[in-house]
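Report on the following structure.
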Amino acid sequence: MPERSESDSRKLLRRLRDVLATPAKGQERLDRITHLIADSMKTEVCSIYLFRDAETLELCATEGLRPESVHQTRMKLGEGLVGRVARTGQPVNTADAPSEKGFRFMPETGEEIYSSFLGVPIQRVGEKLGVLVVQSKTARTYAEDEIDALDVVAMVLAEMTELGAFAGDDVQALHKQPLMFRGSTGQEGTAEGRVWLHEPRVVVTNPVADDPLTEIDRIRDAVSVLRVSVDDLLAAESLDKDQKAVLEAYRMFAHSRGWLRRMEEDIQRGLSAEAAVEKEQSAARNRLEQVEDAYLRERLHDLDDLSNRLLRILTGQGRDTGAQMPENPVLVARNIGPAEMLDYGRKLKGVVLEEGSVGSHAAIVARALAIPMVIHARNITAEALNGDAILVDGDQGIVHLRPEDTVSRSFRDKIAMQAEAQKRYASLRDLPATTRDGVTVALHMNAGLMADLPSLEGSGAEAVGLFRTELQFLIRNKMPQRAELAQLYARVMDAAKGRSVAFRTLDIGSDKVLPYMKPQDEPNPAMGWRAIRVGLDKPGVLRMQVQALIRASKGRPLTIMFPFITEHGEFQEARSHVLREIHRERSLGHPVPEKLEIGAMLETPSLAYAPQAFFDLADFVSIGGNDLKQFFFAADRENERVRKRYDSLNLSFLSFLEQVVSRCNASGTRLSFCGEDAGRPVEALAFAAMGLRGLSMRPASIGPVKALLRRVKLAEARAVIEEARAAGEMSARPRLMDWLAAQPQSKGPLLPP
């Protein structure tokens with residue numbers, strides 16, 4: 001870029017900084033800025049459009065257009081040339097604006113006399129804030145250096161908008177207005193609290209710099225530190241293939257001459273080192289939104305993460321900012337690992353993630369800790385600030401940030417209703433889940449952490465129907481030792497105080513990948529090398545875990561359950577490993593369980609059609625409802641488009657469960673249903689009506705399920721389902737809900753709020 005252009009750009013930014021430093025109201029500042037830019041760039045018009053809401057741009061200041069159009073002219077995202085700049089995040093540069101595709105004529109502005117148009121986005125790290133426009137009567141295309149200069153000015157405006165420099169009566173301050181995010185349920189439940197950011201926002205307070213040479217030295221020094229840190233991470237011996245691939249991408253970007261050159265060019269135009277990094281990061285975020293290719297999106301994510309690291313080096317604003325965690329903290333993050341979630345533990349009232357999945361490690365921990373979680377809350381990390389009021393509705397997958405009073409009151413009413421219901425459920429804690437026609441259903445709880453076990457007694461659960469053993473593997477950087485596992489499993493049994501605990505052996509693969517095991521590049525991991533398939537192919541790991549369970553039992557009864565059994569032969573082989581280890585421990589003089597039960601999880605339809613020998617051999621069968629439902633309906637539970645498309649009360653699914661009940665009854669094999677649906681009262685009622693006499697769920701669901709079962713006659717519920725089936729209906733839900741609504745309500749609501 002020519003030296004004259006560099007000097008002009010820096011001169012404009014210095015004048016802009018002086019305007020921003022002068023005490024003034026927000027509107028007055030905006031008016032001065034548009035005058036300054038028009039004067040410096042020798043254009044007749046300069047206008048600033050800011051977002052009024054997520055979909056609406058408003059003309060907030062102008063030099064050259066009619067003053068009465070300010071705060072009156074509005075357009076939707078994508079509407080007109082200004083809306084196109086906002087939507088795409090790309091400049092629009094044209095010599096003949098009225099003939100440009102998508103041009104929108106706004107007569108109230110008087111802009112019809114201006115032919116040339118240059119608009120650039122005002123954006124900050126993926127957050128779209130507005131559009132900066134210059135216009136001239138002369139038909140001309142703006143030069144590349146003029147576009148670069150305006151782009152740099154827009155970057156400074158973005159930083160000052162972020163800091164509230166333009167807030168006033170007519171311009172809303174950022175991070176002040178109420179927002180609602182519609183995501184997906186990661187863990188049910190509701191919570192009210194204050195935002196705690198896992199990665200605090202880096203605040204750039206010095207976007208303009210006078211000495212470009214000093215700033216270039218700063219950016220080069222920071223990039224050198226970054227390169228060394230990435231090289232050090234790559235030298236670690238414990239990295240797996242995927243981790244190395246990510247760090248190799250980091251190293252590629254960190255050593256990219258183009259990346260550093262672009263930031264140095266922006267510094268020459270007058271930006272500080274920090275602002276130059278953020279400008280490049282904003283461009284990467286904008287490209288990320290336009291890219292559909294998954295590989296390229298990941299690489300742009302890598303660049304985004306690397307920019308955050310570089311900003312933290314430059315500013316010294318690390319994760320530990322000294323800020324105090326607020327009362328009732330709700331964690332807000334782009335994503336988070338299981339170990340980090342466990343570090344926070346039960347201090348959290350809720351969790352909100354931009355990414356994540358229903359089967360992610362973080363979601364597993366949230367369910368284990370009964371912490372409400374919403375995932376896929378797009379862009380919330382750009383909007384939320386530490387300490388902001390936040391409402392998390394994990395039942396609906398909705399988050400209210402800085403909610404209005406009416407929303408807060410309504411939400412608190414919902415929480416109060418749930419609390420009142422829980423008090424009623426507590427009175428049923430020591431009573432059996434016996435229906436009015438005398439059928440008793442055993443209600444068990446799911447667990448995965450020692451922290452879950454205190455809920456066993458308080459929830460009224462009769463036993464632990466599922467203890468997920470993989471969490472202890474997922475939160476470590478290396479394989480746990482047998483002695484460690486034996487101590488943990490012994491503590492679990494101690495905490496259960498004589499109640500049965502069904503230990504599910506290691507269920508990894510699919511969405512649960514151990515950090516120290518080589519990941520498998522599989523096109524459909526949910527149907528790939530996972531769960532018992534891994535255990536049988538790596539018998540050393542399976543035997544080590546079985547040995548730990550036997551030693552933990554110390555002669556007490558032991559219940560072992562194998563996940564993802566799809567055929568009789570897999571169960572036989574897995575069972576033989578347990579029997580061999582029992583024989584080995586006995587021969588070594590170690591105590592062995594006084595009673596041993598070995599069962600299988602039925603998670604694929606194939607196992608329902610296994611030979612009778614399987615049902616005769618298995619001590620019990622547990623239907624893994626989450627996986628079974630996705631395989632039964634061929635609907636990936638990680639895919640939001642299809643996950644909620646299929647109903648658990650679909651009569652085909654209920655008929656299938658009925659067949660499984662029949663097969664287990666014929667052999668006297670104990671049967672239960674384990675999964676999210678078991679904890680939903682209406683679903684639990686339908687499963688019991690189809691013959692299931694054991695249900696395993698999260699502790700908080702036991703009260704609502706028990707309350708409903710104790711108020712109805714199972715035979716009547718079965719008759720309602722039969723009527724729906726005879727009528728050829730798709731689902732039993734409508735008839736069941738109508739029937740439940742007609743039941744007596746003498747002791748409070750039949751269904752939980």
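Convention: chains lettered A, B, ... in structure tokens order; per-chain residue numbering from 1; ligands numbered from 1 as shown.
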Excluding Leu695 (chain A) and any residue of its chain fewer than 5 positions from it, enumerate the residues within 6 Å of it, using only C-alpha atoms, and give them as JSON, numbers by chain.
{"A": [443, 672, 673, 674, 678]}
Residues of region 649-714 of chain A in helix (DSSP H, G or I) according to DSSP, as a ChimeraX atom specification?
/A:651-667,676-679,681-689,699-709,714
Just to be explicit: take each residue in the selection above, keep C-alpha atoms, and write the result as a PDB file, in the first residue's frame.
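Generated output (out_13.pdb):
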ATOM      1  CA  LEU A 651     -47.568 -47.958  18.679  1.00  0.00           C
ATOM      2  CA  SER A 652     -44.966 -49.824  16.608  1.00  0.00           C
ATOM      3  CA  PHE A 653     -42.375 -49.076  19.284  1.00  0.00           C
ATOM      4  CA  LEU A 654     -44.733 -50.053  22.119  1.00  0.00           C
ATOM      5  CA  SER A 655     -45.577 -53.293  20.295  1.00  0.00           C
ATOM      6  CA  PHE A 656     -41.859 -54.040  19.992  1.00  0.00           C
ATOM      7  CA  LEU A 657     -41.388 -53.501  23.737  1.00  0.00           C
ATOM      8  CA  GLU A 658     -44.313 -55.828  24.334  1.00  0.00           C
ATOM      9  CA  GLN A 659     -42.527 -58.571  22.380  1.00  0.00           C
ATOM     10  CA  VAL A 660     -39.380 -58.122  24.500  1.00  0.00           C
ATOM     11  CA  VAL A 661     -41.507 -58.350  27.670  1.00  0.00           C
ATOM     12  CA  SER A 662     -43.065 -61.576  26.370  1.00  0.00           C
ATOM     13  CA  ARG A 663     -39.692 -63.183  25.649  1.00  0.00           C
ATOM     14  CA  CYS A 664     -38.279 -62.275  29.057  1.00  0.00           C
ATOM     15  CA  ASN A 665     -41.419 -63.504  30.842  1.00  0.00           C
ATOM     16  CA  ALA A 666     -41.138 -66.849  29.047  1.00  0.00           C
ATOM     17  CA  SER A 667     -37.661 -67.422  30.485  1.00  0.00           C
ATOM     18  CA  GLU A 676     -34.485 -40.577  29.325  1.00  0.00           C
ATOM     19  CA  ASP A 677     -37.972 -41.789  28.410  1.00  0.00           C
ATOM     20  CA  ALA A 678     -38.186 -43.891  31.580  1.00  0.00           C
ATOM     21  CA  GLY A 679     -38.123 -40.637  33.559  1.00  0.00           C
ATOM     22  CA  PRO A 681     -44.222 -39.885  33.557  1.00  0.00           C
ATOM     23  CA  VAL A 682     -46.511 -40.537  30.592  1.00  0.00           C
ATOM     24  CA  GLU A 683     -43.903 -42.675  28.821  1.00  0.00           C
ATOM     25  CA  ALA A 684     -43.196 -44.551  32.073  1.00  0.00           C
ATOM     26  CA  LEU A 685     -46.914 -45.271  32.447  1.00  0.00           C
ATOM     27  CA  ALA A 686     -47.120 -46.613  28.869  1.00  0.00           C
ATOM     28  CA  PHE A 687     -44.062 -48.845  29.368  1.00  0.00           C
ATOM     29  CA  ALA A 688     -45.534 -50.242  32.576  1.00  0.00           C
ATOM     30  CA  ALA A 689     -48.820 -50.844  30.773  1.00  0.00           C
ATOM     31  CA  PRO A 699     -33.060 -39.290  40.452  1.00  0.00           C
ATOM     32  CA  ALA A 700     -35.212 -36.168  39.980  1.00  0.00           C
ATOM     33  CA  SER A 701     -37.647 -38.108  37.779  1.00  0.00           C
ATOM     34  CA  ILE A 702     -38.497 -40.790  40.317  1.00  0.00           C
ATOM     35  CA  GLY A 703     -40.951 -38.634  42.275  1.00  0.00           C
ATOM     36  CA  PRO A 704     -43.054 -37.542  39.262  1.00  0.00           C
ATOM     37  CA  VAL A 705     -43.130 -41.078  37.833  1.00  0.00           C
ATOM     38  CA  LYS A 706     -44.095 -42.625  41.159  1.00  0.00           C
ATOM     39  CA  ALA A 707     -46.801 -39.993  41.766  1.00  0.00           C
ATOM     40  CA  LEU A 708     -48.461 -40.782  38.457  1.00  0.00           C
ATOM     41  CA  LEU A 709     -48.240 -44.566  38.745  1.00  0.00           C
ATOM     42  CA  LEU A 714     -52.553 -49.914  34.832  1.00  0.00           C
TER      43      LEU A 714
END
Env of Asp39 (chain A): 12 Å cut, atoms = only C-alpha atoms, seq-sep filter 4 positions within chain, self excluded. Answer as a ChimeraX atom specification.
/A:8,12,15-16,32-35,43-46,63-64,134-136
Strand (DSSP E) per DSSP on the backbone: members of region 468-589 of chain A, as number ranges by chain:
A: 468, 501-504, 558-565
Compile the contact shell of region 252-260 of chain A as a PyMOL selection string: residues with an atom at most 8 Å away, counting only C-alpha atoms, same-chain residues fewer than 4 positions apart removed.
chain A and resi 220+223+226-227+248+264+303+306
What gap, in Å, lies between CA of Ala531 (chain A) and CA of Met479 (chain A)?
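Taking CA of Ala531 (chain A) as the start and CA of Met479 (chain A) as the end point, the length is 16.1 Å.
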So, counting only C-alpha atoms, which residue among A:Thr406, A:Ser40, A:Gln572, A:Ser272 is closest to Ala618 (chain A)?
A:Gln572
Can you list, as a PDB file with C-alpha atoms, in the first residue's frame, every protein, DNA or RNA residue that comes within 8 Å of Leu488 (chain A) when you count only C-alpha atoms, leaving out same-chain residues fewer than 4 positions away?
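Listing of part-v7.pdb after writing:
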ATOM      1  CA  GLU A 484      -7.910 -46.958  41.451  1.00  0.00           C
ATOM      2  CA  VAL A 492     -19.955 -46.727  45.240  1.00  0.00           C
ATOM      3  CA  ALA A 552     -14.439 -53.912  44.994  1.00  0.00           C
TER       4      ALA A 552
END
As an exercise, work out the distance from CA of Val501 (chain A) to CA of Val621 (chain A) in Å and give it to one decimal place.
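It comes out at 14.3 Å.
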Nearest candidate to Gln123 (chain A) (options A:Gln281, A:Thr435, A:Asn335, A:Gln472; using only C-alpha atoms)
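Residue with the minimum atom-to-atom distance to Gln123 (chain A): A:Gln281.
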